[in-house]
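Trainee: Provided herewith: my_file_19.cif, mmCIF, C-alpha atoms.
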```
data_data
loop_
_atom_site.label_atom_id
_atom_site.label_comp_id
_atom_site.auth_asym_id
_atom_site.auth_seq_id
_atom_site.Cartn_x
_atom_site.Cartn_y
_atom_site.Cartn_z
CA GLU A 1 19.44 28.45 1.28
CA VAL A 2 17.91 24.97 1.05
CA ILE A 3 16.86 24.90 -2.60
CA ARG A 4 18.87 26.72 -5.24
CA VAL A 5 16.71 27.94 -8.09
CA PRO A 6 18.65 28.68 -11.28
CA GLU A 7 18.42 32.23 -12.60
CA GLY A 8 15.60 32.66 -15.09
CA VAL A 9 13.38 29.94 -13.58
CA SER A 10 10.02 31.45 -12.70
CA MET A 11 8.31 28.33 -11.30
CA LEU A 12 9.64 25.10 -9.82
CA ALA A 13 7.51 22.12 -8.80
CA PHE A 14 8.30 18.73 -7.33
CA SER A 15 6.35 15.80 -5.90
CA GLY A 16 7.15 14.51 -2.43
CA HIS A 17 6.62 10.84 -3.30
CA LYS A 18 9.60 11.06 -5.66
CA PHE A 19 11.90 11.19 -2.64
CA HIS A 20 9.92 9.09 -0.11
CA ALA A 21 7.52 11.61 1.39
CA LEU A 22 3.84 10.61 1.46
CA SER A 23 1.85 10.60 -1.77
CA GLY A 24 -0.31 13.63 -2.45
CA ILE A 25 2.10 16.30 -1.26
CA GLY A 26 4.31 18.54 -3.33
CA VAL A 27 5.90 21.95 -3.55
CA LEU A 28 5.41 24.80 -5.99
CA LEU A 29 7.92 27.61 -5.76
CA THR A 30 7.12 30.75 -7.72
CA ALA A 31 9.10 33.89 -8.40
CA PRO A 32 7.66 37.02 -6.77
CA LYS A 33 6.59 38.38 -10.16
CA ILE A 34 4.38 35.35 -10.86
CA LYS A 35 0.72 35.80 -9.95
CA LEU A 36 -1.41 32.67 -9.69
CA SER A 37 -5.15 32.56 -10.14
CA PRO A 38 -6.75 29.94 -7.87
CA ILE A 39 -8.88 27.25 -9.45
CA ILE A 40 -10.26 26.04 -6.09
CA LEU A 41 -12.02 28.80 -4.17
CA GLY A 42 -13.45 28.87 -0.70
CA GLY A 43 -11.57 28.81 2.58
CA GLY A 44 -8.60 30.91 1.53
CA GLN A 45 -5.94 28.46 2.69
CA GLN A 46 -2.37 28.77 1.41
CA GLY A 47 -2.59 32.53 1.07
CA GLY A 48 -5.67 32.28 -1.09
CA SER A 49 -3.83 30.44 -3.85
CA ARG A 50 -5.51 27.08 -3.16
CA SER A 51 -8.41 26.52 -0.83
CA GLY A 52 -9.02 23.21 0.90
CA THR A 53 -7.80 21.32 3.92
CA GLU A 54 -4.04 21.20 4.00
CA HIS A 55 -2.43 17.74 3.98
CA ILE A 56 -0.74 18.06 7.38
CA HIS A 57 0.68 14.52 7.50
CA GLY A 58 2.04 14.97 3.98
CA ILE A 59 3.58 18.33 4.84
CA ALA A 60 5.22 16.81 7.94
CA SER A 61 6.56 13.88 5.91
CA LEU A 62 7.95 16.25 3.27
CA HIS A 63 9.67 18.36 5.93
CA TYR A 64 11.13 15.30 7.67
CA ILE A 65 12.47 13.60 4.55
CA LEU A 66 13.84 16.82 3.04
CA LYS A 67 15.82 17.50 6.24
CA LYS A 68 17.16 13.93 6.19
CA ILE A 69 18.17 14.14 2.54
CA LEU A 70 19.90 17.49 2.99
CA ALA A 71 21.83 16.19 6.01
CA GLU A 72 22.91 12.96 4.26
CA GLN A 73 22.96 14.09 0.63
CA SER A 74 26.45 12.89 -0.30
CA ILE A 75 25.99 9.43 1.25
CA ILE A 76 22.56 9.05 -0.37
CA SER A 77 23.90 10.11 -3.76
CA GLN A 78 26.90 7.74 -3.52
CA THR A 79 24.63 4.84 -2.55
CA MET A 80 22.26 5.40 -5.48
CA CYS A 81 25.17 5.85 -7.86
CA SER A 82 26.76 2.58 -6.73
CA TYR A 83 23.45 0.73 -7.23
CA ARG A 84 23.00 2.29 -10.68
CA ASP A 85 26.54 1.40 -11.75
CA LEU A 86 26.24 -2.15 -10.39
CA PHE A 87 22.98 -2.63 -12.27
CA GLU A 88 24.38 -1.26 -15.52
CA SER A 89 27.64 -3.23 -15.37
CA HIS A 90 25.86 -6.55 -14.90
CA LEU A 91 23.47 -5.85 -17.76
CA GLN A 92 26.30 -4.76 -20.07
CA GLU A 93 28.16 -7.93 -19.20
CA ALA A 94 25.10 -10.03 -20.07
CA PHE A 95 24.17 -7.95 -23.14
CA PRO A 96 27.20 -6.20 -24.68
CA GLU A 97 24.89 -4.74 -27.34
CA CYS A 98 22.77 -2.84 -24.83
CA VAL A 99 23.16 0.93 -24.79
CA VAL A 100 23.33 2.92 -21.55
CA HIS A 101 22.28 6.43 -22.54
CA CYS A 102 24.62 9.22 -21.36
CA GLN A 103 26.86 6.75 -19.54
CA LYS A 104 29.95 8.86 -20.10
CA GLU A 105 28.18 12.18 -19.41
CA PRO A 106 27.43 13.89 -16.09
CA ARG A 107 24.04 12.57 -14.98
CA VAL A 108 21.84 12.12 -11.95
CA SER A 109 22.80 9.27 -9.64
CA ASN A 110 19.43 7.57 -9.35
CA LEU A 111 18.43 6.96 -12.99
CA SER A 112 19.53 4.61 -15.73
CA ALA A 113 18.11 4.65 -19.25
CA ILE A 114 19.09 1.47 -21.09
CA ALA A 115 18.22 0.41 -24.62
CA PHE A 116 18.02 -3.24 -25.63
CA PRO A 117 18.28 -3.09 -29.44
CA GLY A 118 15.78 -5.24 -31.30
CA LEU A 119 13.25 -5.34 -28.47
CA GLU A 120 10.22 -3.17 -27.79
CA GLY A 121 10.41 -1.16 -24.58
CA GLU A 122 6.69 -1.33 -23.92
CA VAL A 123 6.69 -5.15 -24.16
CA MET A 124 9.74 -5.36 -21.88
CA GLN A 125 8.07 -3.06 -19.36
CA ILE A 126 4.97 -5.27 -19.17
CA ALA A 127 7.06 -8.45 -18.87
CA LEU A 128 9.20 -6.92 -16.12
CA ASP A 129 6.12 -5.72 -14.27
CA LEU A 130 4.88 -9.32 -14.19
CA GLU A 131 8.25 -10.25 -12.67
CA GLY A 132 7.93 -7.55 -9.99
CA VAL A 133 10.44 -5.12 -11.48
CA ALA A 134 9.15 -1.57 -11.89
CA CYS A 135 10.57 0.50 -14.73
CA GLY A 136 9.44 3.26 -17.03
CA TYR A 137 8.88 3.31 -20.76
CA GLY A 138 8.34 6.49 -22.71
CA SER A 139 6.38 9.61 -21.93
CA ALA A 140 2.69 9.60 -21.16
CA CYS A 141 0.78 11.99 -23.36
CA SER A 142 -2.60 13.58 -22.73
CA SER A 143 -4.49 10.80 -24.55
CA GLY A 144 -3.14 8.23 -22.11
CA ALA A 145 -1.00 6.63 -24.81
CA THR A 146 2.72 6.19 -24.36
CA THR A 147 5.30 7.60 -26.75
CA VAL A 148 9.08 7.23 -26.73
CA PHE A 149 10.98 9.35 -24.22
CA LYS A 150 10.82 12.95 -25.39
CA SER A 151 14.27 13.53 -23.91
CA LEU A 152 15.76 10.85 -26.18
CA THR A 153 14.03 12.33 -29.21
CA ALA A 154 15.46 15.74 -28.30
CA MET A 155 18.92 14.14 -28.05
CA LYS A 156 18.51 12.83 -31.63
CA VAL A 157 18.58 9.18 -30.49
CA PRO A 158 17.38 7.02 -33.42
CA GLN A 159 13.70 6.07 -33.12
CA GLU A 160 14.33 2.30 -33.02
CA LEU A 161 16.81 2.73 -30.15
CA ALA A 162 14.49 5.10 -28.27
CA MET A 163 11.67 2.55 -28.62
CA ALA A 164 13.93 -0.12 -27.09
CA THR A 165 14.77 2.01 -24.03
CA LEU A 166 13.63 1.50 -20.45
CA ARG A 167 14.22 3.83 -17.51
CA PHE A 168 15.16 2.35 -14.12
CA SER A 169 15.17 4.36 -10.88
CA PHE A 170 17.20 3.61 -7.78
CA SER A 171 16.54 4.51 -4.16
CA TYR A 172 19.01 4.68 -1.31
CA LEU A 173 16.54 2.52 0.63
CA LEU A 174 17.25 -0.48 -1.61
CA SER A 175 19.77 -3.15 -0.73
CA GLU A 176 22.51 -4.43 -3.02
CA GLN A 177 20.78 -7.82 -3.02
CA GLU A 178 17.55 -6.25 -4.29
CA VAL A 179 19.49 -4.61 -7.12
CA LEU A 180 21.10 -7.93 -8.04
CA THR A 181 17.71 -9.66 -7.94
CA ALA A 182 16.34 -7.03 -10.32
CA VAL A 183 19.35 -7.58 -12.62
CA GLN A 184 18.63 -11.33 -12.79
CA LYS A 185 14.97 -10.69 -13.60
CA VAL A 186 15.87 -8.22 -16.36
CA ILE A 187 18.35 -10.71 -17.82
CA HIS A 188 15.70 -13.45 -17.74
CA VAL A 189 13.07 -11.27 -19.44
CA VAL A 190 15.41 -9.88 -22.11
CA ARG A 191 16.77 -13.34 -23.00
CA HIS A 192 13.24 -14.71 -23.21
CA LEU A 193 12.04 -11.87 -25.46
CA GLN A 194 15.14 -12.11 -27.66
CA GLN A 195 14.03 -15.61 -28.65
CA TYR A 196 10.98 -14.08 -30.35
CA ALA A 197 12.58 -10.92 -31.76
#
```
Hey, can you dump this file as structure tokens for me?
Mentor:
Amino acid sequence: EVIRVPEGVSMLAFSGHKFHALSGIGVLLTAPKIKLSPIILGGGQQGGSRSGTEHIHGIASLHYILKKILAEQSIISQTMCSYRDLFESHLQEAFPECVVHCQKEPRVSNLSAIAFPGLEGEVMQIALDLEGVACGYGSACSSGATTVFKSLTAMKVPQELAMATLRFSFSYLLSEQEVLTAVQKVIHVVRHLQQYA
């Protein structure tokens, strides 16, 4: 069994680009009782559930990377966890007031959600983007606007702290030096913005 689906889950979807497959490919697993109605009709590909030319290169990339990840899962997880912890420790050293959400809880190895009290996450995200550091702020809603992370709201995190939170993702393909470079850029941006807060 390659993918374990928890009991009670009727549909499970994931995007290949989230773990280094090509963009435009993904997987949708459905329980046998789920019946899908196609919205694209025509050639009858994919068992009639979605017509259209199949993305063969994407499918091959998904198969290749999934096999690699399954074979090296513990090493990959340890690498991402070490990058995440290195990143967080340097930022906490520079900004003792910053809050690492769920730091003492079991969590995924590749994500860090950090709040910088007194600053606006959306402003930090734009400033970091200009510095070449990609991060996430909030949840995109259907209007295209961005709201605070729904997960933080559900966890009863105060609104002002949720609004000061950024999400950083780590890949096993990074190097330690790249992580440290990102740390320095975050420190630079946060210190600069704190002057105007």
Trainee: Distance cut-off 10 Å, centre (10.4, -5.8, -22.1) in file coordinates, counting only C-alpha atoms: which residues qualify? Return them as a VMD selection string.
Mentor: chain A and resid 116 119 to 129 135 137 164 to 166 186 189 to 194
Trainee: Which of these residues is nearest to Val5 (chain A), using all atoms listed in the file: A:Gln103, A:Gln177, A:Ser169, A:Thr30?
Mentor: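 Among the listed residues, A:Thr30 lies closest to Val5 (chain A).
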Trainee: Just to confirm, what's the straight-line distance from CA of Gly132 (chain A) to CA of His90 (chain A) in Å (one decimal)?
Mentor: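 Pair CA of Gly132 (chain A) / CA of His90 (chain A) returns 18.6 Å.
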Trainee: Apply the PyMOL selection byres ((chain A and resi 100) around 8) to the file shown and report the selected residues as number ranges by chain.
Mentor: A: 88, 98-99, 101-103, 112-115
Trainee: May I ask for the distance between CA of Ala13 (chain A) and CA of Leu29 (chain A), given in Å to one decimal place?
Mentor: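 Result for CA of Ala13 (chain A) versus CA of Leu29 (chain A): 6.3 Å, one decimal.
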Trainee: Tell me, in Å to one decimal, how far CA of Val183 (chain A) is from CA of Val157 (chain A).
Mentor: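 CA of Val157 (chain A) lies at a distance of 24.5 Å from CA of Val183 (chain A).
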Trainee: What residues come out when you apply the PyMOL selection byres ((chain A and resi 52-68) around 12) to this file, written as a PyMOL selection string?
Mentor: chain A and resi 2-3+14-27+38-51+69-76
Trainee: Applied to the shown file, which residues does the PyMOL selection byres ((chain A and resi 107-110) around 6) return, written as a PyMOL selection string?
Mentor: chain A and resi 80-81+106+111+169-170
Trainee: Kindly compute an axis-aligned box around the listed atoms of region 95-112 of chain A, allowing 5 Å on each side, and express its centre and edge lengths in Å to one decimal as JSON.
Mentor:
```
{"center_x": 24.2, "center_y": 3.0, "center_z": -18.3, "size_x": 21.5, "size_y": 31.8, "size_z": 28.0}
```
Trainee: Between A:Met11, A:Ser77, A:Leu86, A:Pro96, which is the closest to Val179 (chain A) once you count only C-alpha atoms?
Mentor: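 So, comparing all the options, the nearest one is A:Leu86.
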Trainee: Is it possible to dump region 74-118 of chain A as a PDB file, in the first residue's frame, including just N, CA and C atoms?
Mentor:
```pdb
ATOM      1  N   SER A  74      12.470   8.825   4.969  1.00  0.00           N
ATOM      2  CA  SER A  74      13.002   9.230   6.274  1.00  0.00           C
ATOM      3  C   SER A  74      14.131  10.240   6.126  1.00  0.00           C
ATOM      4  N   ILE A  75      15.000  10.056   5.144  1.00  0.00           N
ATOM      5  CA  ILE A  75      16.103  10.996   4.916  1.00  0.00           C
ATOM      6  C   ILE A  75      15.555  12.347   4.477  1.00  0.00           C
ATOM      7  N   ILE A  76      14.585  12.323   3.566  1.00  0.00           N
ATOM      8  CA  ILE A  76      13.976  13.564   3.079  1.00  0.00           C
ATOM      9  C   ILE A  76      13.314  14.318   4.224  1.00  0.00           C
ATOM     10  N   SER A  77      12.569  13.603   5.052  1.00  0.00           N
ATOM     11  CA  SER A  77      11.879  14.228   6.177  1.00  0.00           C
ATOM     12  C   SER A  77      12.875  14.824   7.173  1.00  0.00           C
ATOM     13  N   GLN A  78      13.936  14.091   7.483  1.00  0.00           N
ATOM     14  CA  GLN A  78      14.958  14.584   8.410  1.00  0.00           C
ATOM     15  C   GLN A  78      15.640  15.830   7.864  1.00  0.00           C
ATOM     16  N   THR A  79      15.911  15.845   6.569  1.00  0.00           N
ATOM     17  CA  THR A  79      16.565  17.004   5.945  1.00  0.00           C
ATOM     18  C   THR A  79      15.681  18.234   6.048  1.00  0.00           C
ATOM     19  N   MET A  80      14.398  18.091   5.687  1.00  0.00           N
ATOM     20  CA  MET A  80      13.489  19.231   5.753  1.00  0.00           C
ATOM     21  C   MET A  80      13.307  19.709   7.188  1.00  0.00           C
ATOM     22  N   CYS A  81      13.229  18.776   8.106  1.00  0.00           N
ATOM     23  CA  CYS A  81      13.065  19.121   9.515  1.00  0.00           C
ATOM     24  C   CYS A  81      14.280  19.891  10.027  1.00  0.00           C
ATOM     25  N   SER A  82      15.460  19.480   9.627  1.00  0.00           N
ATOM     26  CA  SER A  82      16.678  20.177  10.072  1.00  0.00           C
ATOM     27  C   SER A  82      16.727  21.587   9.494  1.00  0.00           C
ATOM     28  N   TYR A  83      16.307  21.759   8.245  1.00  0.00           N
ATOM     29  CA  TYR A  83      16.262  23.104   7.644  1.00  0.00           C
ATOM     30  C   TYR A  83      15.246  23.976   8.356  1.00  0.00           C
ATOM     31  N   ARG A  84      14.067  23.409   8.635  1.00  0.00           N
ATOM     32  CA  ARG A  84      13.010  24.154   9.326  1.00  0.00           C
ATOM     33  C   ARG A  84      13.490  24.603  10.707  1.00  0.00           C
ATOM     34  N   ASP A  85      14.095  23.678  11.459  1.00  0.00           N
ATOM     35  CA  ASP A  85      14.548  23.996  12.810  1.00  0.00           C
ATOM     36  C   ASP A  85      15.686  25.011  12.802  1.00  0.00           C
ATOM     37  N   LEU A  86      16.586  24.899  11.837  1.00  0.00           N
ATOM     38  CA  LEU A  86      17.683  25.868  11.692  1.00  0.00           C
ATOM     39  C   LEU A  86      17.119  27.257  11.422  1.00  0.00           C
ATOM     40  N   PHE A  87      16.192  27.343  10.511  1.00  0.00           N
ATOM     41  CA  PHE A  87      15.538  28.594  10.142  1.00  0.00           C
ATOM     42  C   PHE A  87      14.861  29.227  11.356  1.00  0.00           C
ATOM     43  N   GLU A  88      14.073  28.423  12.052  1.00  0.00           N
ATOM     44  CA  GLU A  88      13.330  28.935  13.208  1.00  0.00           C
ATOM     45  C   GLU A  88      14.264  29.383  14.332  1.00  0.00           C
ATOM     46  N   SER A  89      15.308  28.611  14.610  1.00  0.00           N
ATOM     47  CA  SER A  89      16.198  28.949  15.725  1.00  0.00           C
ATOM     48  C   SER A  89      16.918  30.265  15.477  1.00  0.00           C
ATOM     49  N   HIS A  90      17.348  30.500  14.244  1.00  0.00           N
ATOM     50  CA  HIS A  90      18.023  31.761  13.927  1.00  0.00           C
ATOM     51  C   HIS A  90      17.070  32.950  14.036  1.00  0.00           C
ATOM     52  N   LEU A  91      15.832  32.762  13.593  1.00  0.00           N
ATOM     53  CA  LEU A  91      14.868  33.861  13.686  1.00  0.00           C
ATOM     54  C   LEU A  91      14.475  34.125  15.131  1.00  0.00           C
ATOM     55  N   GLN A  92      14.340  33.088  15.938  1.00  0.00           N
ATOM     56  CA  GLN A  92      14.011  33.282  17.351  1.00  0.00           C
ATOM     57  C   GLN A  92      15.162  33.942  18.109  1.00  0.00           C
ATOM     58  N   GLU A  93      16.373  33.659  17.678  1.00  0.00           N
ATOM     59  CA  GLU A  93      17.531  34.310  18.287  1.00  0.00           C
ATOM     60  C   GLU A  93      17.534  35.798  17.954  1.00  0.00           C
ATOM     61  N   ALA A  94      17.211  36.130  16.701  1.00  0.00           N
ATOM     62  CA  ALA A  94      17.185  37.530  16.277  1.00  0.00           C
ATOM     63  C   ALA A  94      15.965  38.270  16.812  1.00  0.00           C
ATOM     64  N   PHE A  95      14.837  37.569  16.928  1.00  0.00           N
ATOM     65  CA  PHE A  95      13.576  38.183  17.364  1.00  0.00           C
ATOM     66  C   PHE A  95      12.925  37.305  18.433  1.00  0.00           C
ATOM     67  N   PRO A  96      13.341  37.456  19.689  1.00  0.00           N
ATOM     68  CA  PRO A  96      12.779  36.609  20.756  1.00  0.00           C
ATOM     69  C   PRO A  96      11.266  36.724  20.882  1.00  0.00           C
ATOM     70  N   GLU A  97      10.704  37.816  20.388  1.00  0.00           N
ATOM     71  CA  GLU A  97       9.248  38.015  20.475  1.00  0.00           C
ATOM     72  C   GLU A  97       8.472  37.274  19.393  1.00  0.00           C
ATOM     73  N   CYS A  98       9.164  36.750  18.390  1.00  0.00           N
ATOM     74  CA  CYS A  98       8.436  36.061  17.322  1.00  0.00           C
ATOM     75  C   CYS A  98       7.812  34.773  17.866  1.00  0.00           C
ATOM     76  N   VAL A  99       6.733  34.357  17.237  1.00  0.00           N
ATOM     77  CA  VAL A  99       5.989  33.185  17.697  1.00  0.00           C
ATOM     78  C   VAL A  99       6.002  32.126  16.598  1.00  0.00           C
ATOM     79  N   VAL A 100       6.544  30.958  16.916  1.00  0.00           N
ATOM     80  CA  VAL A 100       6.513  29.837  15.982  1.00  0.00           C
ATOM     81  C   VAL A 100       5.290  29.002  16.350  1.00  0.00           C
ATOM     82  N   HIS A 101       4.287  29.028  15.487  1.00  0.00           N
ATOM     83  CA  HIS A 101       3.043  28.312  15.780  1.00  0.00           C
ATOM     84  C   HIS A 101       3.289  26.809  15.849  1.00  0.00           C
ATOM     85  N   CYS A 102       2.735  26.176  16.864  1.00  0.00           N
ATOM     86  CA  CYS A 102       2.771  24.715  17.052  1.00  0.00           C
ATOM     87  C   CYS A 102       4.185  24.158  17.197  1.00  0.00           C
ATOM     88  N   GLN A 103       5.105  24.975  17.648  1.00  0.00           N
ATOM     89  CA  GLN A 103       6.502  24.532  17.745  1.00  0.00           C
ATOM     90  C   GLN A 103       6.673  23.318  18.644  1.00  0.00           C
ATOM     91  N   LYS A 104       5.888  23.239  19.678  1.00  0.00           N
ATOM     92  CA  LYS A 104       6.036  22.125  20.622  1.00  0.00           C
ATOM     93  C   LYS A 104       5.034  21.000  20.354  1.00  0.00           C
ATOM     94  N   GLU A 105       4.346  21.067  19.228  1.00  0.00           N
ATOM     95  CA  GLU A 105       3.347  20.062  18.855  1.00  0.00           C
ATOM     96  C   GLU A 105       3.878  19.204  17.711  1.00  0.00           C
ATOM     97  N   PRO A 106       3.344  17.998  17.539  1.00  0.00           N
ATOM     98  CA  PRO A 106       3.715  17.222  16.341  1.00  0.00           C
ATOM     99  C   PRO A 106       3.271  17.989  15.098  1.00  0.00           C
ATOM    100  N   ARG A 107       4.144  18.120  14.125  1.00  0.00           N
ATOM    101  CA  ARG A 107       3.812  18.875  12.907  1.00  0.00           C
ATOM    102  C   ARG A 107       4.608  18.364  11.727  1.00  0.00           C
ATOM    103  N   VAL A 108       4.207  18.776  10.538  1.00  0.00           N
ATOM    104  CA  VAL A 108       4.909  18.329   9.343  1.00  0.00           C
ATOM    105  C   VAL A 108       6.306  18.940   9.325  1.00  0.00           C
ATOM    106  N   SER A 109       7.224  18.251   8.667  1.00  0.00           N
ATOM    107  CA  SER A 109       8.632  18.653   8.709  1.00  0.00           C
ATOM    108  C   SER A 109       8.983  19.787   7.768  1.00  0.00           C
ATOM    109  N   ASN A 110       8.138  20.085   6.796  1.00  0.00           N
ATOM    110  CA  ASN A 110       8.539  21.042   5.771  1.00  0.00           C
ATOM    111  C   ASN A 110       7.908  22.421   5.896  1.00  0.00           C
ATOM    112  N   LEU A 111       7.143  22.684   6.954  1.00  0.00           N
ATOM    113  CA  LEU A 111       6.461  23.972   7.078  1.00  0.00           C
ATOM    114  C   LEU A 111       6.762  24.647   8.396  1.00  0.00           C
ATOM    115  N   SER A 112       6.854  25.974   8.327  1.00  0.00           N
ATOM    116  CA  SER A 112       7.013  26.782   9.525  1.00  0.00           C
ATOM    117  C   SER A 112       6.095  27.987   9.401  1.00  0.00           C
ATOM    118  N   ALA A 113       5.237  28.177  10.388  1.00  0.00           N
ATOM    119  CA  ALA A 113       4.363  29.351  10.442  1.00  0.00           C
ATOM    120  C   ALA A 113       4.855  30.218  11.585  1.00  0.00           C
ATOM    121  N   ILE A 114       5.342  31.406  11.254  1.00  0.00           N
ATOM    122  CA  ILE A 114       5.965  32.288  12.239  1.00  0.00           C
ATOM    123  C   ILE A 114       5.269  33.635  12.237  1.00  0.00           C
ATOM    124  N   ALA A 115       4.927  34.107  13.429  1.00  0.00           N
ATOM    125  CA  ALA A 115       4.318  35.430  13.586  1.00  0.00           C
ATOM    126  C   ALA A 115       5.367  36.409  14.090  1.00  0.00           C
ATOM    127  N   PHE A 116       5.347  37.595  13.519  1.00  0.00           N
ATOM    128  CA  PHE A 116       6.211  38.692  13.941  1.00  0.00           C
ATOM    129  C   PHE A 116       5.302  39.791  14.485  1.00  0.00           C
ATOM    130  N   PRO A 117       5.015  39.749  15.798  1.00  0.00           N
ATOM    131  CA  PRO A 117       4.046  40.676  16.379  1.00  0.00           C
ATOM    132  C   PRO A 117       4.351  42.137  16.041  1.00  0.00           C
ATOM    133  N   GLY A 118       3.272  42.865  15.718  1.00  0.00           N
ATOM    134  CA  GLY A 118       3.410  44.282  15.403  1.00  0.00           C
ATOM    135  C   GLY A 118       3.595  44.569  13.929  1.00  0.00           C
TER     136      GLY A 118
END
```
